[in-house]
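For reference, run-v5.txt (compact mmCIF, N, CA and C atoms):
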```
# COMPACT_ATOMS: atom_id res chain seq x y z
N MET A 64 -109.21 -79.62 44.94
CA MET A 64 -110.03 -78.43 45.07
C MET A 64 -109.12 -77.20 45.17
N VAL A 65 -109.55 -76.09 44.58
CA VAL A 65 -108.76 -74.87 44.54
C VAL A 65 -108.88 -74.16 45.89
N ASP A 66 -107.73 -73.77 46.44
CA ASP A 66 -107.71 -73.02 47.68
C ASP A 66 -108.40 -71.67 47.45
N GLU A 67 -109.23 -71.25 48.39
CA GLU A 67 -109.99 -70.01 48.22
C GLU A 67 -109.09 -68.80 47.99
N GLN A 68 -107.94 -68.76 48.64
CA GLN A 68 -107.01 -67.64 48.46
C GLN A 68 -106.42 -67.63 47.05
N ASP A 69 -106.31 -68.78 46.43
CA ASP A 69 -105.75 -68.86 45.09
C ASP A 69 -106.67 -68.25 44.04
N ARG A 70 -107.98 -68.21 44.32
CA ARG A 70 -108.90 -67.66 43.33
C ARG A 70 -109.31 -66.24 43.65
N ALA A 71 -108.82 -65.67 44.73
CA ALA A 71 -109.15 -64.31 45.12
C ALA A 71 -108.11 -63.33 44.59
N LEU A 72 -108.54 -62.09 44.37
CA LEU A 72 -107.60 -61.05 44.01
C LEU A 72 -106.65 -60.82 45.17
N PRO A 73 -105.41 -60.50 44.90
CA PRO A 73 -104.46 -60.22 45.99
C PRO A 73 -104.96 -59.07 46.86
N ILE A 74 -104.90 -59.25 48.16
CA ILE A 74 -105.43 -58.27 49.11
C ILE A 74 -104.74 -56.91 48.95
N ALA A 75 -103.45 -56.91 48.60
CA ALA A 75 -102.74 -55.64 48.40
C ALA A 75 -103.34 -54.86 47.22
N ASN A 76 -103.71 -55.56 46.17
CA ASN A 76 -104.34 -54.90 45.01
C ASN A 76 -105.71 -54.35 45.38
N VAL A 77 -106.47 -55.13 46.15
CA VAL A 77 -107.79 -54.68 46.59
C VAL A 77 -107.64 -53.40 47.41
N GLY A 78 -106.72 -53.40 48.36
CA GLY A 78 -106.48 -52.22 49.18
C GLY A 78 -106.06 -51.02 48.36
N ARG A 79 -105.20 -51.22 47.38
CA ARG A 79 -104.73 -50.13 46.53
C ARG A 79 -105.89 -49.53 45.74
N ILE A 80 -106.75 -50.37 45.22
CA ILE A 80 -107.92 -49.88 44.46
C ILE A 80 -108.86 -49.12 45.38
N MET A 81 -109.09 -49.65 46.58
CA MET A 81 -109.97 -48.98 47.54
C MET A 81 -109.42 -47.60 47.90
N LYS A 82 -108.11 -47.50 48.10
CA LYS A 82 -107.50 -46.22 48.50
C LYS A 82 -107.62 -45.16 47.41
N GLN A 83 -107.69 -45.57 46.16
CA GLN A 83 -107.77 -44.61 45.06
C GLN A 83 -109.03 -43.75 45.14
N ILE A 84 -110.10 -44.29 45.67
CA ILE A 84 -111.37 -43.57 45.71
C ILE A 84 -111.57 -42.81 47.01
N LEU A 85 -110.81 -43.15 48.03
CA LEU A 85 -110.97 -42.54 49.35
C LEU A 85 -110.06 -41.33 49.52
N PRO A 86 -110.42 -40.44 50.45
CA PRO A 86 -109.52 -39.30 50.73
C PRO A 86 -108.18 -39.82 51.26
N PRO A 87 -107.11 -39.08 51.03
CA PRO A 87 -105.77 -39.53 51.45
C PRO A 87 -105.66 -39.85 52.95
N SER A 88 -106.45 -39.19 53.75
CA SER A 88 -106.35 -39.40 55.20
C SER A 88 -107.15 -40.63 55.67
N ALA A 89 -107.92 -41.24 54.80
CA ALA A 89 -108.76 -42.39 55.19
C ALA A 89 -107.92 -43.63 55.43
N LYS A 90 -108.35 -44.40 56.38
CA LYS A 90 -107.69 -45.68 56.70
C LYS A 90 -108.68 -46.80 56.38
N ILE A 91 -108.14 -47.96 55.99
CA ILE A 91 -108.98 -49.13 55.71
C ILE A 91 -108.51 -50.26 56.60
N SER A 92 -109.42 -50.83 57.34
CA SER A 92 -109.03 -51.93 58.24
C SER A 92 -108.75 -53.19 57.43
N LYS A 93 -108.01 -54.09 58.05
CA LYS A 93 -107.70 -55.37 57.42
C LYS A 93 -109.00 -56.12 57.12
N GLU A 94 -109.94 -56.08 58.05
CA GLU A 94 -111.23 -56.75 57.85
C GLU A 94 -112.01 -56.14 56.69
N GLY A 95 -111.92 -54.82 56.55
CA GLY A 95 -112.58 -54.14 55.43
C GLY A 95 -112.03 -54.59 54.09
N LYS A 96 -110.71 -54.70 54.02
CA LYS A 96 -110.06 -55.17 52.79
C LYS A 96 -110.44 -56.61 52.49
N GLN A 97 -110.47 -57.42 53.54
CA GLN A 97 -110.82 -58.84 53.36
C GLN A 97 -112.26 -59.00 52.89
N LEU A 98 -113.17 -58.21 53.47
CA LEU A 98 -114.57 -58.28 53.06
C LEU A 98 -114.73 -57.86 51.60
N MET A 99 -114.06 -56.78 51.23
CA MET A 99 -114.12 -56.33 49.83
C MET A 99 -113.51 -57.38 48.91
N GLN A 100 -112.42 -58.00 49.33
CA GLN A 100 -111.78 -59.05 48.53
C GLN A 100 -112.77 -60.20 48.28
N GLU A 101 -113.49 -60.60 49.31
CA GLU A 101 -114.48 -61.67 49.15
C GLU A 101 -115.61 -61.26 48.23
N CYS A 102 -116.10 -60.03 48.38
CA CYS A 102 -117.20 -59.54 47.54
C CYS A 102 -116.78 -59.46 46.07
N VAL A 103 -115.59 -58.92 45.82
CA VAL A 103 -115.11 -58.79 44.45
C VAL A 103 -114.90 -60.16 43.81
N THR A 104 -114.33 -61.07 44.57
CA THR A 104 -114.11 -62.42 44.07
C THR A 104 -115.43 -63.09 43.72
N GLU A 105 -116.42 -62.93 44.58
CA GLU A 105 -117.73 -63.52 44.33
C GLU A 105 -118.39 -62.90 43.10
N PHE A 106 -118.27 -61.59 42.95
CA PHE A 106 -118.85 -60.90 41.80
C PHE A 106 -118.21 -61.39 40.50
N ILE A 107 -116.89 -61.47 40.50
CA ILE A 107 -116.18 -61.94 39.30
C ILE A 107 -116.58 -63.38 38.97
N SER A 108 -116.68 -64.21 39.98
CA SER A 108 -117.08 -65.61 39.76
C SER A 108 -118.50 -65.69 39.21
N PHE A 109 -119.38 -64.86 39.74
CA PHE A 109 -120.78 -64.82 39.31
C PHE A 109 -120.88 -64.46 37.83
N VAL A 110 -120.21 -63.38 37.44
CA VAL A 110 -120.26 -62.91 36.06
C VAL A 110 -119.57 -63.91 35.12
N THR A 111 -118.42 -64.40 35.53
CA THR A 111 -117.68 -65.36 34.71
C THR A 111 -118.46 -66.66 34.53
N GLY A 112 -119.13 -67.09 35.59
CA GLY A 112 -119.95 -68.30 35.50
C GLY A 112 -121.06 -68.15 34.48
N GLU A 113 -121.70 -66.98 34.48
CA GLU A 113 -122.77 -66.71 33.51
C GLU A 113 -122.22 -66.72 32.08
N ALA A 114 -121.07 -66.08 31.89
CA ALA A 114 -120.45 -66.05 30.57
C ALA A 114 -120.02 -67.45 30.15
N SER A 115 -119.50 -68.21 31.09
CA SER A 115 -119.06 -69.58 30.80
C SER A 115 -120.24 -70.47 30.41
N ASP A 116 -121.36 -70.31 31.09
CA ASP A 116 -122.57 -71.08 30.74
C ASP A 116 -122.99 -70.78 29.30
N LYS A 117 -122.94 -69.51 28.93
CA LYS A 117 -123.29 -69.12 27.55
C LYS A 117 -122.36 -69.81 26.55
N CYS A 118 -121.07 -69.78 26.85
CA CYS A 118 -120.09 -70.41 25.95
C CYS A 118 -120.33 -71.91 25.86
N HIS A 119 -120.63 -72.52 26.99
CA HIS A 119 -120.88 -73.96 27.02
C HIS A 119 -122.08 -74.31 26.13
N LYS A 120 -123.14 -73.52 26.23
CA LYS A 120 -124.34 -73.74 25.40
C LYS A 120 -124.04 -73.58 23.91
N GLU A 121 -123.06 -72.71 23.62
CA GLU A 121 -122.68 -72.47 22.22
C GLU A 121 -121.51 -73.35 21.79
N ASN A 122 -121.17 -74.35 22.62
CA ASN A 122 -120.07 -75.29 22.34
C ASN A 122 -118.74 -74.58 22.09
N ARG A 123 -118.48 -73.55 22.88
CA ARG A 123 -117.20 -72.85 22.80
C ARG A 123 -116.45 -73.06 24.11
N LYS A 124 -115.12 -73.07 24.01
CA LYS A 124 -114.30 -73.30 25.20
C LYS A 124 -113.69 -72.02 25.76
N THR A 125 -113.67 -70.96 24.98
CA THR A 125 -113.02 -69.72 25.39
C THR A 125 -114.04 -68.63 25.68
N VAL A 126 -113.95 -68.07 26.89
CA VAL A 126 -114.78 -66.93 27.26
C VAL A 126 -114.04 -65.68 26.80
N ASN A 127 -114.71 -64.84 26.03
CA ASN A 127 -114.06 -63.62 25.55
C ASN A 127 -114.72 -62.38 26.15
N GLY A 128 -114.19 -61.24 25.81
CA GLY A 128 -114.70 -59.98 26.36
C GLY A 128 -116.16 -59.73 26.05
N ASP A 129 -116.59 -60.10 24.85
CA ASP A 129 -117.99 -59.93 24.48
C ASP A 129 -118.90 -60.78 25.36
N ASP A 130 -118.43 -61.96 25.73
CA ASP A 130 -119.21 -62.83 26.61
C ASP A 130 -119.36 -62.20 28.00
N ILE A 131 -118.30 -61.56 28.48
CA ILE A 131 -118.36 -60.90 29.78
C ILE A 131 -119.35 -59.74 29.72
N CYS A 132 -119.30 -58.95 28.66
CA CYS A 132 -120.25 -57.84 28.49
C CYS A 132 -121.68 -58.37 28.46
N TRP A 133 -121.90 -59.45 27.72
CA TRP A 133 -123.23 -60.05 27.64
C TRP A 133 -123.69 -60.51 29.02
N ALA A 134 -122.80 -61.16 29.76
CA ALA A 134 -123.16 -61.67 31.08
C ALA A 134 -123.51 -60.51 32.02
N LEU A 135 -122.72 -59.46 32.01
CA LEU A 135 -123.02 -58.30 32.85
C LEU A 135 -124.40 -57.74 32.54
N SER A 136 -124.69 -57.62 31.25
CA SER A 136 -125.98 -57.10 30.84
C SER A 136 -127.12 -58.04 31.23
N SER A 137 -126.94 -59.32 31.01
CA SER A 137 -128.01 -60.28 31.32
C SER A 137 -128.25 -60.39 32.82
N LEU A 138 -127.27 -60.04 33.62
CA LEU A 138 -127.41 -60.08 35.08
C LEU A 138 -127.91 -58.75 35.65
N GLY A 139 -128.17 -57.79 34.76
CA GLY A 139 -128.73 -56.52 35.20
C GLY A 139 -127.70 -55.44 35.47
N PHE A 140 -126.45 -55.68 35.10
CA PHE A 140 -125.40 -54.68 35.30
C PHE A 140 -125.14 -53.95 33.98
N ASP A 141 -126.19 -53.36 33.42
CA ASP A 141 -126.08 -52.72 32.11
C ASP A 141 -125.05 -51.61 32.07
N ASN A 142 -124.97 -50.81 33.12
CA ASN A 142 -123.99 -49.71 33.14
C ASN A 142 -122.56 -50.25 33.05
N TYR A 143 -122.29 -51.33 33.78
CA TYR A 143 -120.97 -51.95 33.71
C TYR A 143 -120.72 -52.53 32.32
N ALA A 144 -121.74 -53.17 31.78
CA ALA A 144 -121.60 -53.79 30.45
C ALA A 144 -121.26 -52.73 29.41
N GLU A 145 -121.93 -51.59 29.47
CA GLU A 145 -121.66 -50.51 28.52
C GLU A 145 -120.24 -49.98 28.68
N ALA A 146 -119.83 -49.73 29.92
CA ALA A 146 -118.49 -49.19 30.17
C ALA A 146 -117.41 -50.18 29.73
N ILE A 147 -117.58 -51.44 30.07
CA ILE A 147 -116.59 -52.44 29.70
C ILE A 147 -116.60 -52.67 28.18
N GLY A 148 -117.78 -52.58 27.58
CA GLY A 148 -117.87 -52.69 26.12
C GLY A 148 -117.07 -51.59 25.42
N ARG A 149 -117.18 -50.36 25.95
CA ARG A 149 -116.40 -49.25 25.37
C ARG A 149 -114.90 -49.48 25.57
N TYR A 150 -114.52 -49.93 26.76
CA TYR A 150 -113.12 -50.22 27.04
C TYR A 150 -112.61 -51.31 26.10
N LEU A 151 -113.38 -52.37 25.95
CA LEU A 151 -112.98 -53.49 25.09
C LEU A 151 -112.80 -53.03 23.65
N HIS A 152 -113.71 -52.18 23.18
CA HIS A 152 -113.60 -51.65 21.82
C HIS A 152 -112.30 -50.86 21.65
N LYS A 153 -112.00 -49.98 22.62
CA LYS A 153 -110.77 -49.19 22.55
C LYS A 153 -109.54 -50.08 22.63
N TYR A 154 -109.58 -51.08 23.50
CA TYR A 154 -108.45 -52.00 23.65
C TYR A 154 -108.18 -52.74 22.34
N ARG A 155 -109.23 -53.25 21.73
CA ARG A 155 -109.05 -53.97 20.46
C ARG A 155 -108.54 -53.05 19.36
N GLN A 156 -109.02 -51.82 19.37
CA GLN A 156 -108.56 -50.85 18.38
C GLN A 156 -107.06 -50.58 18.55
N LEU A 157 -106.60 -50.40 19.78
CA LEU A 157 -105.18 -50.19 20.04
C LEU A 157 -104.36 -51.41 19.64
N GLU A 158 -104.88 -52.60 19.91
CA GLU A 158 -104.17 -53.82 19.52
C GLU A 158 -104.03 -53.91 18.00
N ARG A 159 -105.10 -53.54 17.27
CA ARG A 159 -105.02 -53.54 15.80
C ARG A 159 -103.97 -52.54 15.32
N GLU A 160 -103.95 -51.36 15.95
CA GLU A 160 -102.96 -50.35 15.58
C GLU A 160 -101.54 -50.83 15.85
N LYS A 161 -101.35 -51.51 16.98
CA LYS A 161 -100.02 -52.08 17.30
C LYS A 161 -99.62 -53.10 16.25
N MET A 162 -100.58 -53.96 15.86
CA MET A 162 -100.27 -54.99 14.88
C MET A 162 -99.91 -54.35 13.54
N THR A 163 -100.63 -53.30 13.16
CA THR A 163 -100.33 -52.61 11.91
C THR A 163 -98.94 -51.98 11.98
N LYS A 164 -98.63 -51.34 13.10
CA LYS A 164 -97.31 -50.74 13.28
C LYS A 164 -96.22 -51.81 13.24
N ASN A 165 -96.45 -52.93 13.89
CA ASN A 165 -95.47 -54.02 13.88
C ASN A 165 -95.25 -54.54 12.47
N ARG A 166 -96.34 -54.64 11.70
CA ARG A 166 -96.20 -55.10 10.32
C ARG A 166 -95.38 -54.11 9.49
N LEU A 167 -95.66 -52.83 9.70
CA LEU A 167 -94.90 -51.81 8.96
C LEU A 167 -93.43 -51.85 9.37
N ASP A 168 -93.18 -51.96 10.68
CA ASP A 168 -91.80 -52.07 11.16
C ASP A 168 -91.13 -53.32 10.61
N SER A 169 -91.88 -54.40 10.55
CA SER A 169 -91.35 -55.66 10.05
C SER A 169 -90.99 -55.54 8.57
N THR A 170 -91.84 -54.87 7.81
CA THR A 170 -91.58 -54.67 6.39
C THR A 170 -90.33 -53.81 6.21
N LYS A 171 -90.23 -52.77 7.04
CA LYS A 171 -89.06 -51.90 6.97
C LYS A 171 -87.79 -52.68 7.31
N GLU A 172 -87.85 -53.51 8.37
CA GLU A 172 -86.69 -54.32 8.75
C GLU A 172 -86.32 -55.28 7.63
N ASN A 173 -87.31 -55.84 6.96
CA ASN A 173 -87.07 -56.79 5.88
C ASN A 173 -86.28 -56.11 4.75
N HIS A 174 -86.63 -54.87 4.48
CA HIS A 174 -85.93 -54.16 3.42
C HIS A 174 -84.53 -53.77 3.84
N GLU A 175 -84.29 -53.73 5.15
CA GLU A 175 -82.95 -53.39 5.64
C GLU A 175 -82.12 -54.65 5.88
N GLY A 176 -82.68 -55.81 5.56
CA GLY A 176 -81.94 -57.05 5.71
C GLY A 176 -81.98 -57.63 7.11
N LEU A 177 -82.86 -57.12 7.98
CA LEU A 177 -82.97 -57.63 9.33
C LEU A 177 -84.04 -58.72 9.38
N PRO A 178 -84.00 -59.58 10.40
CA PRO A 178 -85.02 -60.62 10.50
C PRO A 178 -86.41 -60.02 10.70
N THR A 179 -87.42 -60.72 10.17
CA THR A 179 -88.80 -60.25 10.28
C THR A 179 -89.67 -61.30 10.95
N LYS A 180 -90.83 -60.86 11.39
CA LYS A 180 -91.81 -61.77 11.96
C LYS A 180 -92.85 -62.08 10.90
N THR A 181 -93.37 -63.30 10.93
CA THR A 181 -94.40 -63.67 9.99
C THR A 181 -95.73 -63.11 10.47
N THR A 182 -96.71 -63.05 9.58
CA THR A 182 -98.04 -62.60 9.94
C THR A 182 -98.62 -63.49 11.03
N THR A 183 -98.41 -64.77 10.95
CA THR A 183 -98.91 -65.70 11.97
C THR A 183 -98.33 -65.37 13.33
N GLN A 184 -97.04 -65.07 13.41
CA GLN A 184 -96.42 -64.72 14.69
C GLN A 184 -97.02 -63.44 15.25
N LEU A 185 -97.29 -62.46 14.39
CA LEU A 185 -97.91 -61.22 14.86
C LEU A 185 -99.32 -61.45 15.35
N GLU A 186 -100.08 -62.28 14.64
CA GLU A 186 -101.45 -62.56 15.06
C GLU A 186 -101.46 -63.31 16.39
N GLN A 187 -100.51 -64.21 16.60
CA GLN A 187 -100.43 -64.93 17.87
C GLN A 187 -100.11 -63.98 19.01
N GLN A 188 -99.29 -62.97 18.76
CA GLN A 188 -98.94 -62.00 19.80
C GLN A 188 -100.16 -61.20 20.23
N THR A 189 -101.11 -60.97 19.34
CA THR A 189 -102.24 -60.10 19.64
C THR A 189 -103.52 -60.86 19.94
N GLN A 190 -103.45 -62.18 19.98
CA GLN A 190 -104.64 -62.98 20.28
C GLN A 190 -105.07 -62.69 21.72
N ILE A 191 -106.36 -62.41 21.89
CA ILE A 191 -106.87 -61.99 23.19
C ILE A 191 -107.90 -62.99 23.67
N ASP A 192 -107.68 -63.55 24.85
CA ASP A 192 -108.68 -64.37 25.52
C ASP A 192 -108.88 -63.78 26.90
N LEU A 193 -110.09 -63.37 27.22
CA LEU A 193 -110.37 -62.82 28.55
C LEU A 193 -111.02 -63.85 29.41
```
Show this structure as structure tokens.
Amino acid sequence: MVDEQDRALPIANVGRIMKQILPPSAKISKEGKQLMQECVTEFISFVTGEASDKCHKENRKTVNGDDICWALSSLGFDNYAEAIGRYLHKYRQLEREKMTKNRLDSTKENHEGLPTKTTTQLEQQTQIDL
């Protein structure tokens, strides 16, 4: 069985995120951080479980970003689904641009006699599983 602390976000990260929204003079108790850590972990498990169920029904083994967006929406978190959908779109767009730049750099290196990466190697570098 997985230790509960192993599946939770690190408490230092939770505290850092909490501090970003609070005034600089605000203090957060250890218990407050722990409670937020438990809530966030439960929320992530809830959404991921819903996405995983969808993938299981579709005979897929990998949960992707679109599945997470779908799960958020189906659970009534439409605002989160929309925001994460926009982020995912931008992220994928940047990854495509990086891959294009890498291909151009690779082609340039090839003409200069330097080693190049194959298309398969570049695609493996940009493969995204969320």
What separation in Å, quoted to one decimal, exists between atom N of Tyr154 in chain A and CA of Gly128 in chain A?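 That distance, rounded to one decimal, is 10.7 Å.
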re CA of Lys117 in chain A and atom N of Val77 in chain A: distance 28.7 Å
Please, which residues of range 67-161 of chain A, numbered as in this document, come out alpha helix (DSSP H) from DSSP, as a PyMOL selection string? chain A and resi 74-84+93-120+128-137+141-161
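In this model, the gap between atom C of Ala114 in chain A and atom N of Tyr143 in chain A comes to 16.7 Å.
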Using only C-alpha atoms, can you tell me which of A:Gly112, A:Gln97, A:Glu158, A:Thr163 comes closest to Asn76 in chain A?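 Among the listed residues, A:Gln97 lies closest to Asn76 in chain A.
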At a cut-off of 6.5 Å, using all atoms listed in the file, what residues contact Ile147 in chain A? Leave out same-chain residues fewer than 5 positions from it and give the result as a ChimeraX atom specification. /A:132,142,152
Draw an axis-aligned box over all listed atoms of range 118-122 of chain A, pad each side with 5 Å, and write its centre and edge lengths in Å, one decimal, as AutoDock Vina command-line options.
```
--center_x -121.5 --center_y -72.5 --center_z 24.4 --size_x 15.6 --size_y 15.5 --size_z 15.2
```
